[in-house]
Amino acid sequence: MNEENYIYLTEEGLEKIKEELEQLKTARREEISIKLEKAIQQGDLKENADYHAAKEEQGFNEMRIRDLEDSLRRAKIIQEVGPTDTVRVGSTVTVCEVGYDEEETYYIVGAHEADPANGRISNESPIGSALLGAKVGHQVTALTPGGTITFEIKSIA
């Protein structure tokens, strides 16, 4: 499989996807099935808002199931192989925006597990992709929606 087709996940992220998939395939499908049964019993499906809403829910549920199954097929677990001298997926990177003193620390993860508010940024995000391959002391420039930002790499773990 081509490197750019992988979905990077931690072991924890992989388990969350498996749990969500199981919930969608079992409890959620059953819940939607019950809603459809009740709506069908109301008659005239053409103008039955409950039926159309349940069918829409069913479509979204099945789409999410397909998305999660695809993610599992393309999953590549982020290996915790210890310190490295370059930023990669799975690295914890401390940076400082050039011109400022405040340091920020980011954990580079796959898109499914990104949570920027908690320091988990995607390898596909502007900042995450700019950091990949950089070394301590290097400066990298990220083209973000808010403008261009230049960071200096302070440490990599």
# chains A, B, ... in the order shown; residues from 1 in each chain; ligands from 1
>>> select_by_dssp(residues="stretch 30-137 of chain A", states="helix (DSSP H, G or I)", output="PyMOL selection string")
chain A and resi 30-41+45-47+49-73+111-113+116-118+126-131
>>> write_last_selection(atoms="N, CA and C atoms", output="compact mmCIF listing (two decimals), in the first residue's frame")
# COMPACT_ATOMS: atom_id res chain seq x y z
N GLU A 30 -29.92 -1.64 15.23
CA GLU A 30 -31.15 -2.11 15.86
C GLU A 30 -32.07 -0.94 16.19
N GLU A 31 -31.50 0.13 16.72
CA GLU A 31 -32.27 1.33 17.05
C GLU A 31 -32.95 1.92 15.81
N ILE A 32 -32.21 2.00 14.73
CA ILE A 32 -32.75 2.54 13.47
C ILE A 32 -33.81 1.60 12.91
N SER A 33 -33.58 0.32 13.03
CA SER A 33 -34.54 -0.68 12.54
C SER A 33 -35.89 -0.53 13.25
N ILE A 34 -35.85 -0.30 14.55
CA ILE A 34 -37.08 -0.11 15.32
C ILE A 34 -37.80 1.16 14.86
N LYS A 35 -37.05 2.23 14.64
CA LYS A 35 -37.65 3.47 14.16
C LYS A 35 -38.31 3.26 12.80
N LEU A 36 -37.65 2.51 11.91
CA LEU A 36 -38.22 2.23 10.59
C LEU A 36 -39.50 1.41 10.71
N GLU A 37 -39.50 0.40 11.56
CA GLU A 37 -40.70 -0.42 11.75
C GLU A 37 -41.88 0.43 12.19
N LYS A 38 -41.65 1.29 13.19
CA LYS A 38 -42.72 2.15 13.69
C LYS A 38 -43.22 3.10 12.60
N ALA A 39 -42.30 3.65 11.83
CA ALA A 39 -42.68 4.59 10.77
C ALA A 39 -43.47 3.88 9.67
N ILE A 40 -43.08 2.67 9.33
CA ILE A 40 -43.78 1.91 8.28
C ILE A 40 -45.20 1.57 8.73
N GLN A 41 -45.37 1.32 10.01
CA GLN A 41 -46.70 1.00 10.53
C GLN A 41 -47.66 2.19 10.44
N LEU A 45 -45.85 5.88 3.05
CA LEU A 45 -44.43 6.19 3.19
C LEU A 45 -44.02 7.43 2.40
N LYS A 46 -44.80 7.77 1.40
CA LYS A 46 -44.44 8.91 0.55
C LYS A 46 -44.39 10.22 1.34
N GLU A 47 -45.31 10.40 2.26
CA GLU A 47 -45.37 11.65 3.02
C GLU A 47 -45.16 11.40 4.53
N ALA A 49 -42.79 11.66 7.45
CA ALA A 49 -41.56 12.33 7.89
C ALA A 49 -40.71 11.42 8.77
N ASP A 50 -41.36 10.62 9.64
CA ASP A 50 -40.60 9.72 10.51
C ASP A 50 -39.85 8.67 9.70
N TYR A 51 -40.50 8.17 8.65
CA TYR A 51 -39.87 7.16 7.78
C TYR A 51 -38.67 7.77 7.06
N HIS A 52 -38.83 8.95 6.50
CA HIS A 52 -37.74 9.60 5.76
C HIS A 52 -36.58 9.95 6.69
N ALA A 53 -36.88 10.37 7.90
CA ALA A 53 -35.83 10.68 8.88
C ALA A 53 -35.06 9.41 9.26
N ALA A 54 -35.78 8.32 9.47
CA ALA A 54 -35.13 7.05 9.83
C ALA A 54 -34.28 6.52 8.68
N LYS A 55 -34.77 6.66 7.46
CA LYS A 55 -33.99 6.23 6.29
C LYS A 55 -32.72 7.07 6.15
N GLU A 56 -32.82 8.36 6.46
CA GLU A 56 -31.66 9.23 6.40
C GLU A 56 -30.65 8.82 7.48
N GLU A 57 -31.14 8.55 8.68
CA GLU A 57 -30.26 8.06 9.76
C GLU A 57 -29.57 6.77 9.36
N GLN A 58 -30.34 5.88 8.72
CA GLN A 58 -29.79 4.61 8.28
C GLN A 58 -28.67 4.84 7.26
N GLY A 59 -28.89 5.75 6.35
CA GLY A 59 -27.87 6.07 5.34
C GLY A 59 -26.60 6.62 5.97
N PHE A 60 -26.75 7.54 6.93
CA PHE A 60 -25.58 8.10 7.61
C PHE A 60 -24.84 7.01 8.40
N ASN A 61 -25.60 6.16 9.06
CA ASN A 61 -24.99 5.08 9.84
C ASN A 61 -24.18 4.14 8.94
N GLU A 62 -24.78 3.74 7.83
CA GLU A 62 -24.08 2.82 6.92
C GLU A 62 -22.86 3.49 6.28
N MET A 63 -22.95 4.79 6.01
CA MET A 63 -21.81 5.51 5.46
C MET A 63 -20.67 5.56 6.48
N ARG A 64 -21.00 5.78 7.75
CA ARG A 64 -19.98 5.83 8.80
C ARG A 64 -19.35 4.45 8.98
N ILE A 65 -20.15 3.40 8.89
CA ILE A 65 -19.63 2.04 8.99
C ILE A 65 -18.62 1.79 7.87
N ARG A 66 -18.98 2.16 6.64
CA ARG A 66 -18.05 1.97 5.51
C ARG A 66 -16.77 2.77 5.70
N ASP A 67 -16.90 3.99 6.22
CA ASP A 67 -15.73 4.84 6.46
C ASP A 67 -14.80 4.20 7.50
N LEU A 68 -15.37 3.71 8.59
CA LEU A 68 -14.57 3.09 9.64
C LEU A 68 -13.93 1.79 9.17
N GLU A 69 -14.67 0.99 8.40
CA GLU A 69 -14.10 -0.24 7.86
C GLU A 69 -12.93 0.06 6.92
N ASP A 70 -13.07 1.10 6.11
CA ASP A 70 -11.99 1.52 5.23
C ASP A 70 -10.78 1.97 6.05
N SER A 71 -11.03 2.72 7.12
CA SER A 71 -9.94 3.17 7.98
C SER A 71 -9.20 1.99 8.60
N LEU A 72 -9.94 0.97 9.01
CA LEU A 72 -9.30 -0.22 9.59
C LEU A 72 -8.47 -0.96 8.56
N ARG A 73 -8.95 -1.03 7.32
CA ARG A 73 -8.19 -1.70 6.25
C ARG A 73 -6.87 -0.97 5.98
N ALA A 111 -4.90 11.67 11.19
CA ALA A 111 -6.05 12.57 11.14
C ALA A 111 -7.22 12.14 12.03
N HIS A 112 -7.43 10.83 12.18
CA HIS A 112 -8.55 10.35 12.99
C HIS A 112 -8.43 10.70 14.46
N GLU A 113 -7.20 10.92 14.92
CA GLU A 113 -6.99 11.15 16.35
C GLU A 113 -6.60 12.59 16.66
N PRO A 116 -6.37 19.25 18.26
CA PRO A 116 -5.45 20.38 18.44
C PRO A 116 -5.55 21.06 19.80
N ALA A 117 -6.72 21.13 20.37
CA ALA A 117 -6.89 21.78 21.67
C ALA A 117 -6.10 21.06 22.76
N ASN A 118 -5.81 19.78 22.53
CA ASN A 118 -5.06 18.99 23.50
C ASN A 118 -3.66 18.63 22.99
N PRO A 126 -1.52 21.55 8.26
CA PRO A 126 -0.42 22.41 7.79
C PRO A 126 0.79 22.40 8.72
N ILE A 127 0.56 22.49 10.02
CA ILE A 127 1.69 22.50 10.96
C ILE A 127 2.32 21.11 11.05
N GLY A 128 1.49 20.09 11.18
CA GLY A 128 2.01 18.72 11.28
C GLY A 128 2.84 18.32 10.08
N SER A 129 2.34 18.59 8.89
CA SER A 129 3.10 18.22 7.69
C SER A 129 4.37 19.03 7.55
N ALA A 130 4.36 20.29 7.99
CA ALA A 130 5.57 21.12 7.93
C ALA A 130 6.63 20.58 8.89
N LEU A 131 6.21 20.03 10.03
CA LEU A 131 7.15 19.53 11.03
C LEU A 131 7.80 18.21 10.64
>>> residues_around(residues="A:Gly110", least_positions_apart="4", cutoff="10 Å", atoms="only C-alpha atoms", output="list in words")
Tyr6, Ile7, Tyr8, Leu9, Thr10, Gly13, Ala75, Lys76, Ile77, Ile78, Val89, Gly90, Ala114, Arg120, Ile121, Ser122, Asn123, Glu124, Ser125 and Gly128 of chain A
>>> residues_around(residues="A:Ala157", least_positions_apart="2", cutoff="7 Å", atoms="only C-alpha atoms", output="ChimeraX atom specification")
/A:83-84,91-93,155
>>> atom_distance(atom1="atom CA of A:Tyr100", atom2="atom CA of A:Phe151")
9.6 Å
>>> select_by_dssp(residues="stretch 15-129 of chain A", states="strand (DSSP E or B)", output="PyMOL selection string")
chain A and resi 75-77+86+92-97+103-109+115+120-122
>>> write_last_selection(atoms="C-alpha atoms", output="PDB file, in the first residue's frame")
ATOM      1  CA  ALA A  75      -4.639   1.475   9.399  1.00  0.00           C
ATOM      2  CA  LYS A  76      -0.959   1.642  10.245  1.00  0.00           C
ATOM      3  CA  ILE A  77      -0.182   1.602  13.940  1.00  0.00           C
ATOM      4  CA  THR A  86      13.740  13.737  13.076  1.00  0.00           C
ATOM      5  CA  THR A  92       6.245  14.608  20.484  1.00  0.00           C
ATOM      6  CA  VAL A  93       7.726  17.891  19.285  1.00  0.00           C
ATOM      7  CA  THR A  94       8.373  21.058  21.245  1.00  0.00           C
ATOM      8  CA  VAL A  95       8.496  24.167  19.067  1.00  0.00           C
ATOM      9  CA  CYS A  96       8.713  27.897  19.476  1.00  0.00           C
ATOM     10  CA  GLU A  97       7.202  30.299  16.986  1.00  0.00           C
ATOM     11  CA  GLU A 103       7.000  27.002  23.598  1.00  0.00           C
ATOM     12  CA  GLU A 104       4.283  24.641  22.437  1.00  0.00           C
ATOM     13  CA  THR A 105       4.360  20.860  22.422  1.00  0.00           C
ATOM     14  CA  TYR A 106       2.590  18.773  19.794  1.00  0.00           C
ATOM     15  CA  TYR A 107       2.079  15.046  19.470  1.00  0.00           C
ATOM     16  CA  ILE A 108       1.962  14.119  15.769  1.00  0.00           C
ATOM     17  CA  VAL A 109      -0.876  11.657  15.123  1.00  0.00           C
ATOM     18  CA  ASP A 115      -7.282  17.049  18.788  1.00  0.00           C
ATOM     19  CA  ARG A 120      -2.540  16.260  19.179  1.00  0.00           C
ATOM     20  CA  ILE A 121      -2.081  17.455  15.607  1.00  0.00           C
ATOM     21  CA  SER A 122      -2.519  15.525  12.400  1.00  0.00           C
TER      22      SER A 122
END
>>> atom_distance(atom1="atom CA of A:Ala27", atom2="atom CA of A:Leu14")
19.8 Å
>>> atom_distance(atom1="atom CA of A:Gly43", atom2="atom CA of A:Arg28")
23.6 Å
>>> closest_residue(among="A:Asn48, A:Glu80, A:Arg74, A:Ile153", to="A:Ala134", atoms="only C-alpha atoms")
A:Ile153
